[in-house]
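Asker: There's a structure below that I have some questions on.
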Amino acid sequence: MYNFSAGPAQLPNEVLLTAKEDMLDWHGCGMSVMEMPFSSDEYKEIASGALRDLSALIGLPDDYHVLFLQGGAYAHFSLVAMNLLGKHASADYVQTGHWSTRAANEAKRYGQINIAASTEQSGFNHIPDPKYWNLDPEAAYCHITTNETANGVQFHQLPDTGKVPLVADVTSDFLTREIDISKFGLIYASAQKNVGPTGLTIVIVHDKLLEQAMNIVPTPFNYGYQVKNNGRVNTPSTYSVYIAGLMFSWLLKKGSLKDIEQCNRGKAERLYSFINRDSLFHCIVDPDDRSIVNICFELTNKSLADNFLDEASRWGLINLKGHSVRGGIRASLYNAMPSEGVDALISFMKNYSEKHSIKPNKNDCKNL
């Protein structure tokens with residue numbers, strides 16, 4: 001069985017087995033992680049280990065801080081604005097799909113939001129060229145969504161926003177590729193794609209952005225106040241942090257983020273290559289901007305979509321249905337998806353195409 005869910009996503013068997021072993025008694029302490037006081041030495045060990053391993057993975061600079069918070073990325077659409085608009089009148093947002101649109105709409109509750117660029121008219125099928133962005137040099141920040149989970153587009157190069165801090169929702173491609181944290185003022189990510197179960201949001205923020213919060217921001221979500229109190233303002237999502245720590249450890253054993261990115265690109269390239277060759281399948285996203293983790297595509301005969309999903313499920317390939325705003329098919333190839341899962345999907349797609357009398361044709365769709 002291969003689970004292509006966009007989130008909550010599958011976890012590695014090694015991580016699940018470790019969690020199973022620790023469920024009733026973590027390391028002989030007589031408690032499950034779910035029973036531990038967050039002030040206990042045992043939980044402090046878990047949290048500090050998670051922070052240490054995450055910092056090693058991303059090469060955390062000394063002037064950045066990691067916060068393990070609650071709320072999910074959707075809640076932080078508002079919380080980011082509340083934390084960064086206290087001393088500025090406006091912020092820039094780049095609209096590249098469903099989630100960046102929602103982020104901008106939430107931020108509008110707290111200040112003037114300028115849509116610096118948008119690909120809505122083209123159906124969110126590419127990343128807008130940064131040289132045409134209408135950026136405000138006085139903006140509090142410029143917000144992007146590095147990977148659009150619902151639309152299948154991804155930034156493969158970061159924009160230069162000058163002196164304006166770059167802020168990013170990195171939820172769906174966090175830890176799937178190399179990232180230069182120093183290029184950002186702040187990034188945030190829900191855990192349920194590549195880090196663990198729901199209930200945890202990771203915020204990584206530069207020193208210079210810690211004193212810009214609006215008065216209305218709730219105390220547990222005041223990034224600066226949390227940093228000053230070592231993330232102990234309120235009870236954290238202890239079990240989610242524990243699973244995240246297991247995930248960080250698992251990733252470190254895989255090598256560097258460069259190694260992980262190479263593996264993920266290989267998985268995506270194999271699937272896109274088949275889609276491009278087979279006339280039954282079609283991807284509308286510009287090839288230069290296609291996501292390596294959320295492969296969104298359609299059947300040229302859209303009436304076959306439900307049948308395709310049903311048959312895929314019988315092959316042990318589950319949760320391939322596209323997001324409701326876009327439809328179609330979506331295969332999410334996060335870190336825990338093994339190469340064998342991608343190969344199984346390609347084998348099924350080839351079989352399905354042959355059954356429906358549509359043969360692969362190298363001359364069809366090669367430029368899609």
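Lettering and numbering for the structure tokens are positional, with chains as A, B, ... in the shown order, residues counted from 1 in each chain, and ligands counted from 1 in the shown order.
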From a DSSP calculation on the backbone, collect every residue of stretch 226-267 of chain A in alpha helix (DSSP H) and output the set as a PyMOL selection string.
Answerer: chain A and resi 226-228+238-254+257-267
Asker: Would you pick out the contacts of A:Phe77 at 10 Å or less, using only C-alpha atoms, so that residues sharing its chain but fewer than 3 positions from it are not included, and give the list as a PDB file with N, CA and C atoms, in the first residue's frame?
Answerer:
ATOM      1  N   GLY A  71      -1.440  25.608  15.924  1.00  0.00           N
ATOM      2  CA  GLY A  71      -2.258  26.451  15.054  1.00  0.00           C
ATOM      3  C   GLY A  71      -2.358  26.019  13.620  1.00  0.00           C
ATOM      4  N   GLY A  72      -1.350  25.353  13.092  1.00  0.00           N
ATOM      5  CA  GLY A  72      -1.365  25.029  11.673  1.00  0.00           C
ATOM      6  C   GLY A  72      -1.015  26.252  10.842  1.00  0.00           C
ATOM      7  N   ALA A  73      -0.559  26.034   9.613  1.00  0.00           N
ATOM      8  CA  ALA A  73      -0.160  27.157   8.768  1.00  0.00           C
ATOM      9  C   ALA A  73      -1.323  28.111   8.517  1.00  0.00           C
ATOM     10  N   TYR A  74      -2.534  27.577   8.412  1.00  0.00           N
ATOM     11  CA  TYR A  74      -3.692  28.435   8.149  1.00  0.00           C
ATOM     12  C   TYR A  74      -3.853  29.475   9.258  1.00  0.00           C
ATOM     13  N   VAL A  80       1.210  35.513  11.364  1.00  0.00           N
ATOM     14  CA  VAL A  80       2.365  36.163  10.744  1.00  0.00           C
ATOM     15  C   VAL A  80       2.086  37.651  10.568  1.00  0.00           C
ATOM     16  N   ALA A  81       0.919  37.975  10.032  1.00  0.00           N
ATOM     17  CA  ALA A  81       0.565  39.388   9.836  1.00  0.00           C
ATOM     18  C   ALA A  81       0.532  40.128  11.167  1.00  0.00           C
ATOM     19  N   MET A  82      -0.075  39.525  12.176  1.00  0.00           N
ATOM     20  CA  MET A  82      -0.153  40.182  13.486  1.00  0.00           C
ATOM     21  C   MET A  82       1.222  40.377  14.110  1.00  0.00           C
ATOM     22  N   TRP A  99      -3.266  28.366  -1.715  1.00  0.00           N
ATOM     23  CA  TRP A  99      -2.865  28.669  -0.337  1.00  0.00           C
ATOM     24  C   TRP A  99      -2.264  30.064  -0.195  1.00  0.00           C
ATOM     25  N   SER A 100      -1.552  30.540  -1.187  1.00  0.00           N
ATOM     26  CA  SER A 100      -1.063  31.922  -1.099  1.00  0.00           C
ATOM     27  C   SER A 100      -2.221  32.909  -1.168  1.00  0.00           C
ATOM     28  N   ARG A 102      -5.231  32.322   0.088  1.00  0.00           N
ATOM     29  CA  ARG A 102      -5.813  32.323   1.435  1.00  0.00           C
ATOM     30  C   ARG A 102      -4.943  33.091   2.427  1.00  0.00           C
ATOM     31  N   ALA A 103      -3.636  32.957   2.286  1.00  0.00           N
ATOM     32  CA  ALA A 103      -2.732  33.686   3.175  1.00  0.00           C
ATOM     33  C   ALA A 103      -2.947  35.195   3.029  1.00  0.00           C
ATOM     34  N   ALA A 104      -3.053  35.673   1.794  1.00  0.00           N
ATOM     35  CA  ALA A 104      -3.267  37.101   1.559  1.00  0.00           C
ATOM     36  C   ALA A 104      -4.611  37.560   2.101  1.00  0.00           C
ATOM     37  N   ASN A 105      -5.640  36.751   1.898  1.00  0.00           N
ATOM     38  CA  ASN A 105      -6.975  37.123   2.377  1.00  0.00           C
ATOM     39  C   ASN A 105      -7.021  37.233   3.896  1.00  0.00           C
ATOM     40  N   GLU A 106      -6.332  36.351   4.587  1.00  0.00           N
ATOM     41  CA  GLU A 106      -6.296  36.435   6.052  1.00  0.00           C
ATOM     42  C   GLU A 106      -5.514  37.662   6.501  1.00  0.00           C
ATOM     43  N   ALA A 107      -4.398  37.940   5.837  1.00  0.00           N
ATOM     44  CA  ALA A 107      -3.570  39.078   6.233  1.00  0.00           C
ATOM     45  C   ALA A 107      -4.298  40.405   6.062  1.00  0.00           C
ATOM     46  N   LYS A 108      -5.233  40.457   5.123  1.00  0.00           N
ATOM     47  CA  LYS A 108      -5.980  41.688   4.870  1.00  0.00           C
ATOM     48  C   LYS A 108      -6.782  42.139   6.086  1.00  0.00           C
ATOM     49  N   ASP A 169       5.556  30.668   3.520  1.00  0.00           N
ATOM     50  CA  ASP A 169       4.894  29.439   3.948  1.00  0.00           C
ATOM     51  C   ASP A 169       5.594  28.305   3.194  1.00  0.00           C
ATOM     52  N   TYR A 188       7.533  29.491   7.915  1.00  0.00           N
ATOM     53  CA  TYR A 188       6.683  28.701   8.796  1.00  0.00           C
ATOM     54  C   TYR A 188       6.148  27.502   8.038  1.00  0.00           C
TER      55      TYR A 188
END
Asker: Which distance in Å separates atom CA of A:Tyr225 and atom CA of A:Thr161, to one decimal?
Answerer: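 Distance between the two atoms: 26.9 Å.
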Asker: Can you tell me which residues surround A:Ser172 at a distance of at most 10 Å, considering only C-alpha atoms, apart from same-chain residues fewer than 5 positions away, and format the answer as an MDAnalysis selection string?
Answerer: chainID A and resid 6:7 145:149 154 189:195 291 293:294 332 334
Asker: Find the residues around A:Gln70 up to 9 Å (only C-alpha atoms counted), leave out those fewer than 6 positions away in its own chain, and share them as a ChimeraX atom specification.
Answerer: /A:190,199-202,221,236-237
Asker: Can you tell me how far atom CA of A:Leu85 sits from atom CA of A:Lys183, in Å to one decimal?
Answerer: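 For atom CA of A:Leu85 relative to atom CA of A:Lys183, the distance reads 19.8 Å.
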Asker: When DSSP is applied to the backbone of this structure, which of stretch 266-309 of chain A are assigned strand (DSSP E or B)? Write them out as a list in words.
Answerer: Asp278, Phe281, His282, Arg290, Asn294, Ile295, Cys296, Phe297, Glu298 and Leu299 of chain A
Asker: Store the residues picked out above, limited to C-alpha atoms, as a tab-separated table (two decimals), in the first residue's frame.
Answerer:
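New file selection-v2.tsv:
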chain	number	residue	atom	x	y	z
A	278	ASP	CA	1.50	9.26	-22.46
A	281	PHE	CA	-2.33	12.16	-19.02
A	282	HIS	CA	-1.77	15.88	-19.03
A	290	ARG	CA	6.43	22.10	-11.56
A	294	ASN	CA	2.89	17.60	-5.34
A	295	ILE	CA	2.51	16.30	-8.89
A	296	CYS	CA	-0.86	17.55	-10.15
A	297	PHE	CA	-2.17	16.22	-13.45
A	298	GLU	CA	-5.35	15.29	-15.29
A	299	LEU	CA	-6.68	12.64	-17.60
Asker: List as a PyMOL selection string the protein and nucleic acid residues near A:Val167, meaning an atom at most 12 Å away when only C-alpha atoms are counted, but skip any in the same chain fewer than 4 places from it.
Answerer: chain A and resi 76-77+80-81+83-84+91-94+100+103+139-146+158-161+181-189+203-206+209
Asker: Using only C-alpha atoms, pick whichever of A:Asp310, A:Asp180, A:Asp288, A:Glu269 has the shortest atom-to-atom distance to A:Leu257.
Answerer: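 Of A:Asp310, A:Asp180, A:Asp288, A:Glu269, the one nearest A:Leu257 is A:Asp180, counting only C-alpha atoms.
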Asker: I want to know what sits within 12 Å of A:Leu57, based on only C-alpha atoms, with residues of the same chain fewer than 3 positions away left out; could you give that as a ChimeraX atom specification?
Answerer: /A:50-54,60-61,174-181,245,247-260
Asker: One number please: atom CA of A:Ala56 to atom CA of A:Ala213, in Å, one decimal.
Answerer: 28.6 Å
Asker: For stretch 24-32 of chain A, list every protein, DNA or RNA residue within 12 Å, evaluated using only C-alpha atoms, and leave out those in the same chain fewer than 5 positions away; present the list as a ChimeraX atom specification.
Answerer: /A:18-19,37,40-43,45-46,238-239,242
Asker: Rank nothing, just name the residue among A:Lys20, A:His126, A:Arg270, A:Ala331 nearest to A:Val33, using only C-alpha atoms.
Answerer: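 Residue with the minimum atom-to-atom distance to A:Val33: A:Lys20.
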Asker: Go through A:Ile127, A:Ser273, A:Lys228, A:Leu11 and flag the residue nearest A:Gln157, using only C-alpha atoms for the distances.
Answerer: A:Ile127
Asker: When you count only C-alpha atoms, which of these residues is closest to A:Leu16: A:Ala150, A:Val66, A:Met36, A:Gly196?
Answerer: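 Of the candidates, the smallest distance to A:Leu16 is held by A:Gly196.
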